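As stored in data.csv (CSV, N, CA and C atoms):
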chain,number,residue,atom,x,y,z
A,1,MET,N,123.9,172.7,83.4
A,1,MET,CA,122.5,172.5,83.5
A,1,MET,C,121.8,173.8,84.0
A,2,ARG,N,122.4,174.4,85.0
A,2,ARG,CA,121.8,175.6,85.6
A,2,ARG,C,121.8,176.7,84.6
A,3,LYS,N,122.8,176.8,83.8
A,3,LYS,CA,122.9,177.9,82.8
A,3,LYS,C,121.7,177.8,81.7
A,4,LYS,N,121.5,176.6,81.3
A,4,LYS,CA,120.4,176.3,80.3
A,4,LYS,C,119.1,176.6,80.9
A,5,LEU,N,118.9,176.3,82.2
A,5,LEU,CA,117.6,176.5,82.8
A,5,LEU,C,117.4,178.0,83.0
A,6,LEU,N,118.4,178.7,83.4
A,6,LEU,CA,118.3,180.2,83.5
A,6,LEU,C,118.1,180.9,82.2
A,7,THR,N,118.7,180.4,81.1
A,7,THR,CA,118.5,180.9,79.8
A,7,THR,C,117.0,180.7,79.3
A,8,GLY,N,116.5,179.5,79.6
A,8,GLY,CA,115.1,179.2,79.3
A,8,GLY,C,114.1,180.1,80.1
A,9,LEU,N,114.4,180.3,81.3
A,9,LEU,CA,113.6,181.2,82.1
A,9,LEU,C,113.6,182.6,81.6
A,10,LEU,N,114.8,183.1,81.2
A,10,LEU,CA,114.9,184.4,80.6
A,10,LEU,C,114.0,184.5,79.3
A,11,ALA,N,114.1,183.4,78.5
A,11,ALA,CA,113.2,183.4,77.3
A,11,ALA,C,111.8,183.4,77.6
A,12,LEU,N,111.4,182.7,78.6
A,12,LEU,CA,110.0,182.7,79.0
A,12,LEU,C,109.6,184.0,79.6
A,13,ALA,N,110.4,184.7,80.4
A,13,ALA,CA,110.1,186.0,80.9
A,13,ALA,C,110.0,187.0,79.8
A,14,ALA,N,110.8,186.9,78.8
A,14,ALA,CA,110.8,187.9,77.7
A,14,ALA,C,109.5,187.7,76.9
A,15,VAL,N,109.1,186.5,76.6
A,15,VAL,CA,107.8,186.2,75.9
A,15,VAL,C,106.6,186.6,76.7
A,16,ARG,N,106.6,186.4,78.0
A,16,ARG,CA,105.5,186.8,78.8
A,16,ARG,C,105.4,188.3,79.0
A,17,THR,N,106.5,189.0,79.0
A,17,THR,CA,106.5,190.4,79.1
A,17,THR,C,106.2,191.1,77.9
A,18,PHE,N,106.8,190.7,76.7
A,18,PHE,CA,106.6,191.5,75.5
A,18,PHE,C,105.7,190.8,74.4
A,19,GLY,N,105.4,189.6,74.7
A,19,GLY,CA,104.6,188.8,73.7
A,19,GLY,C,105.4,188.3,72.5
A,20,ALA,N,104.8,187.7,71.5
A,20,ALA,CA,105.5,187.2,70.4
A,20,ALA,C,105.8,188.4,69.4
A,21,ASP,N,106.9,189.0,69.6
A,21,ASP,CA,107.3,190.2,68.8
A,21,ASP,C,108.8,190.2,68.5
A,22,LEU,N,109.2,191.0,67.5
A,22,LEU,CA,110.6,191.1,67.2
A,22,LEU,C,111.3,191.7,68.3
A,23,TRP,N,110.7,192.6,69.1
A,23,TRP,CA,111.4,193.2,70.2
A,23,TRP,C,111.7,192.2,71.3
A,24,THR,N,110.9,191.1,71.4
A,24,THR,CA,111.2,190.1,72.3
A,24,THR,C,112.5,189.4,72.0
A,25,LEU,N,112.7,189.1,70.7
A,25,LEU,CA,114.0,188.5,70.3
A,25,LEU,C,115.2,189.4,70.6
A,26,VAL,N,115.0,190.7,70.4
A,26,VAL,CA,116.1,191.6,70.8
A,26,VAL,C,116.4,191.6,72.3
A,27,VAL,N,115.4,191.6,73.1
A,27,VAL,CA,115.5,191.6,74.5
A,27,VAL,C,116.1,190.3,75.0
A,28,PHE,N,115.7,189.2,74.4
A,28,PHE,CA,116.2,187.9,74.8
A,28,PHE,C,117.7,187.7,74.4
A,29,ALA,N,118.0,188.2,73.2
A,29,ALA,CA,119.4,188.2,72.7
A,29,ALA,C,120.3,189.0,73.7
A,30,PHE,N,119.9,190.2,74.0
A,30,PHE,CA,120.6,191.0,74.9
A,30,PHE,C,120.8,190.4,76.3
A,31,THR,N,119.7,189.9,76.9
A,31,THR,CA,119.8,189.3,78.2
A,31,THR,C,120.6,188.0,78.2
A,32,SER,N,120.6,187.2,77.1
A,32,SER,CA,121.4,186.0,77.0
A,32,SER,C,122.9,186.4,76.9
A,33,LEU,N,123.2,187.5,76.2
A,33,LEU,CA,124.5,187.9,76.1
A,33,LEU,C,125.0,188.4,77.5
A,34,LEU,N,124.2,189.1,78.2
A,34,LEU,CA,124.6,189.5,79.5
A,34,LEU,C,124.8,188.4,80.5
A,35,LEU,N,124.0,187.3,80.3
A,35,LEU,CA,124.1,186.1,81.2
A,35,LEU,C,125.5,185.4,80.9
A,36,ALA,N,125.8,185.3,79.6
A,36,ALA,CA,127.1,184.7,79.2
A,36,ALA,C,128.3,185.5,79.7
A,37,ILE,N,128.2,186.8,79.6
A,37,ILE,CA,129.2,187.7,80.1
A,37,ILE,C,129.4,187.5,81.6
A,38,SER,N,128.3,187.4,82.3
A,38,SER,CA,128.3,187.2,83.8
A,38,SER,C,129.0,185.9,84.2
A,39,TYR,N,128.6,184.8,83.5
A,39,TYR,CA,129.3,183.6,83.9
A,39,TYR,C,130.7,183.5,83.5
A,40,ILE,N,131.1,184.1,82.4
A,40,ILE,CA,132.5,184.1,82.0
A,40,ILE,C,133.3,185.0,83.0
A,41,ASP,N,132.7,186.1,83.4
A,41,ASP,CA,133.4,187.0,84.4
A,41,ASP,C,133.5,186.4,85.7
A,42,LEU,N,132.5,185.7,86.2
A,42,LEU,CA,132.6,185.0,87.5
A,42,LEU,C,133.7,183.9,87.5
A,43,ASP,N,133.8,183.2,86.3
A,43,ASP,CA,134.8,182.1,86.2
A,43,ASP,C,136.2,182.6,86.0
A,44,HIS,N,136.4,183.6,85.2
A,44,HIS,CA,137.8,183.9,84.7
A,44,HIS,C,138.2,185.4,85.1
A,45,TRP,N,137.3,186.2,85.6
A,45,TRP,CA,137.5,187.6,86.0
A,45,TRP,C,137.9,188.4,84.8
A,46,ILE,N,137.3,188.1,83.6
A,46,ILE,CA,137.5,188.9,82.4
A,46,ILE,C,136.1,189.1,81.7
A,47,ILE,N,136.0,190.1,81.0
A,47,ILE,CA,134.8,190.3,80.1
A,47,ILE,C,135.3,190.4,78.7
A,48,PRO,N,135.1,189.3,77.9
A,48,PRO,CA,135.7,189.3,76.6
A,48,PRO,C,135.1,190.3,75.6
A,49,HIS,N,135.9,191.0,74.9
A,49,HIS,CA,135.5,192.0,73.9
A,49,HIS,C,134.6,191.3,72.8
A,50,GLU,N,134.8,190.1,72.5
A,50,GLU,CA,134.0,189.4,71.5
A,50,GLU,C,132.6,189.3,71.9
A,51,LEU,N,132.2,189.5,73.1
A,51,LEU,CA,130.8,189.5,73.6
A,51,LEU,C,130.4,190.9,73.9
A,52,SER,N,131.2,191.7,74.5
A,52,SER,CA,130.8,193.0,74.9
A,52,SER,C,130.6,194.0,73.8
A,53,TRP,N,131.4,194.0,72.8
A,53,TRP,CA,131.2,195.0,71.7
A,53,TRP,C,130.0,194.6,70.9
A,54,PRO,N,129.7,193.4,70.5
A,54,PRO,CA,128.4,193.1,69.9
A,54,PRO,C,127.2,193.5,70.8
A,55,GLY,N,127.3,193.3,72.1
A,55,GLY,CA,126.2,193.7,73.0
A,55,GLY,C,126.0,195.2,72.9
A,56,VAL,N,127.1,196.0,72.9
A,56,VAL,CA,126.9,197.5,72.8
A,56,VAL,C,126.3,197.8,71.5
A,57,ALA,N,126.7,197.2,70.4
A,57,ALA,CA,126.2,197.5,69.1
A,57,ALA,C,124.7,197.1,69.0
A,58,LEU,N,124.3,196.0,69.6
A,58,LEU,CA,122.9,195.5,69.6
A,58,LEU,C,122.1,196.5,70.4
A,59,GLY,N,122.6,197.0,71.5
A,59,GLY,CA,121.8,197.9,72.3
A,59,GLY,C,121.6,199.3,71.6
A,60,LEU,N,122.7,199.8,71.0
A,60,LEU,CA,122.6,201.1,70.3
A,60,LEU,C,121.7,201.0,69.1
A,61,LEU,N,121.8,199.9,68.3
A,61,LEU,CA,121.0,199.8,67.1
A,61,LEU,C,119.6,199.5,67.4
A,62,ALA,N,119.3,198.8,68.4
A,62,ALA,CA,117.9,198.4,68.7
A,62,ALA,C,117.2,199.4,69.6
A,63,SER,N,117.9,200.3,70.2
A,63,SER,CA,117.2,201.3,71.1
A,63,SER,C,116.2,202.2,70.4
A,64,PRO,N,116.4,202.6,69.2
A,64,PRO,CA,115.3,203.5,68.6
A,64,PRO,C,114.0,202.8,68.4
A,65,TRP,N,114.0,201.5,68.3
A,65,TRP,CA,112.8,200.7,68.1
A,65,TRP,C,112.2,200.2,69.4
A,66,SER,N,112.6,200.7,70.5
A,66,SER,CA,112.1,200.3,71.8
A,66,SER,C,110.6,200.7,71.9
A,67,PRO,N,109.7,199.8,72.3
A,67,PRO,CA,108.3,200.2,72.4
A,67,PRO,C,108.1,201.3,73.5
A,68,ASP,N,109.0,201.4,74.4
A,68,ASP,CA,108.8,202.4,75.5
A,68,ASP,C,109.3,203.7,75.2
A,69,HIS,N,110.4,203.8,74.4
A,69,HIS,CA,111.0,205.1,74.3
A,69,HIS,C,111.0,205.7,72.8
A,70,GLY,N,110.9,204.8,71.8
A,70,GLY,CA,110.9,205.3,70.5
A,70,GLY,C,112.1,206.0,70.1
A,71,TRP,N,112.0,207.0,69.2
A,71,TRP,CA,113.2,207.7,68.6
A,71,TRP,C,113.8,208.8,69.6
A,72,ARG,N,113.0,209.2,70.6
A,72,ARG,CA,113.5,210.2,71.5
A,72,ARG,C,114.5,209.7,72.5
Here is the file; what I need is its structure written in the form of structure tokens.
Amino acid sequence: MRKKLLTGLLALAAVRTFGADLWTLVVFAFTSLLLAISYIDLDHWIIPHELSWPGVALGLLASPWSPDHGWR
């Protein structure tokens, strides 16, 4: 229950911070992925590659479209 509430609060924070935009979806996906990795690491003391590599790819592919930094 606590995990679902925290995920919902992350979604609300992303929408309130960035508005209804495609970048909001990217930020929410990345923070949800980090939340899942955190809970798995706390329970089992491992960080699964099935979650970490897609997170790295998402961060690298989405970073040029960041509203703060752009292509530089």
From the options A:Pro64, A:Ser38, A:Ala29, A:Pro48, which residue's atoms come nearest to Ala11 (chain A), counting all atoms listed in the file? A:Ala29
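A straight line drawn from CA of Leu42 (chain A) to CA of Val27 (chain A) is 22.5 Å long.
Considering all atoms listed in the file, the residue among A:Leu12, A:Ile46, A:Ala57, A:Leu51 positioned nearest to Leu34 (chain A) is A:Leu51.
Relative to CA of Phe28 (chain A), atom C of Leu10 (chain A) is found at 6.1 Å.
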One decimal, in Å: what's the spacing between CA of Ser32 (chain A) and CA of Leu58 (chain A)?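 CA of Leu58 (chain A) lies at a distance of 12.1 Å from CA of Ser32 (chain A).
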Would you mind putting N, CA, C and O atoms back on region 52-68 of chain A and writing the result as an mmCIF file, in the coordinates of the input?
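Listing of result_13.cif after writing:
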data_model
loop_
_atom_site.group_PDB
_atom_site.id
_atom_site.type_symbol
_atom_site.label_atom_id
_atom_site.label_comp_id
_atom_site.auth_asym_id
_atom_site.auth_seq_id
_atom_site.Cartn_x
_atom_site.Cartn_y
_atom_site.Cartn_z
ATOM 1 N N SER A 52 131.200 191.700 74.500
ATOM 2 C CA SER A 52 130.800 193.000 74.900
ATOM 3 C C SER A 52 130.600 194.000 73.800
ATOM 4 O O SER A 52 129.564 194.733 73.819
ATOM 5 N N TRP A 53 131.400 194.000 72.800
ATOM 6 C CA TRP A 53 131.200 195.000 71.700
ATOM 7 C C TRP A 53 130.000 194.600 70.900
ATOM 8 O O TRP A 53 129.205 195.568 70.515
ATOM 9 N N PRO A 54 129.700 193.400 70.500
ATOM 10 C CA PRO A 54 128.400 193.100 69.900
ATOM 11 C C PRO A 54 127.200 193.500 70.800
ATOM 12 O O PRO A 54 126.131 193.903 70.243
ATOM 13 N N GLY A 55 127.300 193.300 72.100
ATOM 14 C CA GLY A 55 126.200 193.700 73.000
ATOM 15 C C GLY A 55 126.000 195.200 72.900
ATOM 16 O O GLY A 55 124.845 195.707 72.931
ATOM 17 N N VAL A 56 127.100 196.000 72.900
ATOM 18 C CA VAL A 56 126.900 197.500 72.800
ATOM 19 C C VAL A 56 126.300 197.800 71.500
ATOM 20 O O VAL A 56 125.385 198.670 71.408
ATOM 21 N N ALA A 57 126.700 197.200 70.400
ATOM 22 C CA ALA A 57 126.200 197.500 69.100
ATOM 23 C C ALA A 57 124.700 197.100 69.000
ATOM 24 O O ALA A 57 123.848 197.873 68.491
ATOM 25 N N LEU A 58 124.300 196.000 69.600
ATOM 26 C CA LEU A 58 122.900 195.500 69.600
ATOM 27 C C LEU A 58 122.100 196.500 70.400
ATOM 28 O O LEU A 58 120.988 196.934 69.965
ATOM 29 N N GLY A 59 122.600 197.000 71.500
ATOM 30 C CA GLY A 59 121.800 197.900 72.300
ATOM 31 C C GLY A 59 121.600 199.300 71.600
ATOM 32 O O GLY A 59 120.563 199.863 71.671
ATOM 33 N N LEU A 60 122.700 199.800 71.000
ATOM 34 C CA LEU A 60 122.600 201.100 70.300
ATOM 35 C C LEU A 60 121.700 201.000 69.100
ATOM 36 O O LEU A 60 120.963 201.909 68.770
ATOM 37 N N LEU A 61 121.800 199.900 68.300
ATOM 38 C CA LEU A 61 121.000 199.800 67.100
ATOM 39 C C LEU A 61 119.600 199.500 67.400
ATOM 40 O O LEU A 61 118.698 199.916 66.601
ATOM 41 N N ALA A 62 119.300 198.800 68.400
ATOM 42 C CA ALA A 62 117.900 198.400 68.700
ATOM 43 C C ALA A 62 117.200 199.400 69.600
ATOM 44 O O ALA A 62 115.923 199.435 69.576
ATOM 45 N N SER A 63 117.900 200.300 70.200
ATOM 46 C CA SER A 63 117.200 201.300 71.100
ATOM 47 C C SER A 63 116.200 202.200 70.400
ATOM 48 O O SER A 63 115.186 202.532 71.075
ATOM 49 N N PRO A 64 116.400 202.600 69.200
ATOM 50 C CA PRO A 64 115.300 203.500 68.600
ATOM 51 C C PRO A 64 114.000 202.800 68.400
ATOM 52 O O PRO A 64 112.977 203.443 68.294
ATOM 53 N N TRP A 65 114.000 201.500 68.300
ATOM 54 C CA TRP A 65 112.800 200.700 68.100
ATOM 55 C C TRP A 65 112.200 200.200 69.400
ATOM 56 O O TRP A 65 111.251 199.403 69.362
ATOM 57 N N SER A 66 112.600 200.700 70.500
ATOM 58 C CA SER A 66 112.100 200.300 71.800
ATOM 59 C C SER A 66 110.600 200.700 71.900
ATOM 60 O O SER A 66 110.280 201.871 71.579
ATOM 61 N N PRO A 67 109.700 199.800 72.300
ATOM 62 C CA PRO A 67 108.300 200.200 72.400
ATOM 63 C C PRO A 67 108.100 201.300 73.500
ATOM 64 O O PRO A 67 107.079 201.996 73.456
ATOM 65 N N ASP A 68 109.000 201.400 74.400
ATOM 66 C CA ASP A 68 108.800 202.400 75.500
ATOM 67 C C ASP A 68 109.300 203.700 75.200
ATOM 68 O O ASP A 68 108.726 204.733 75.625
#
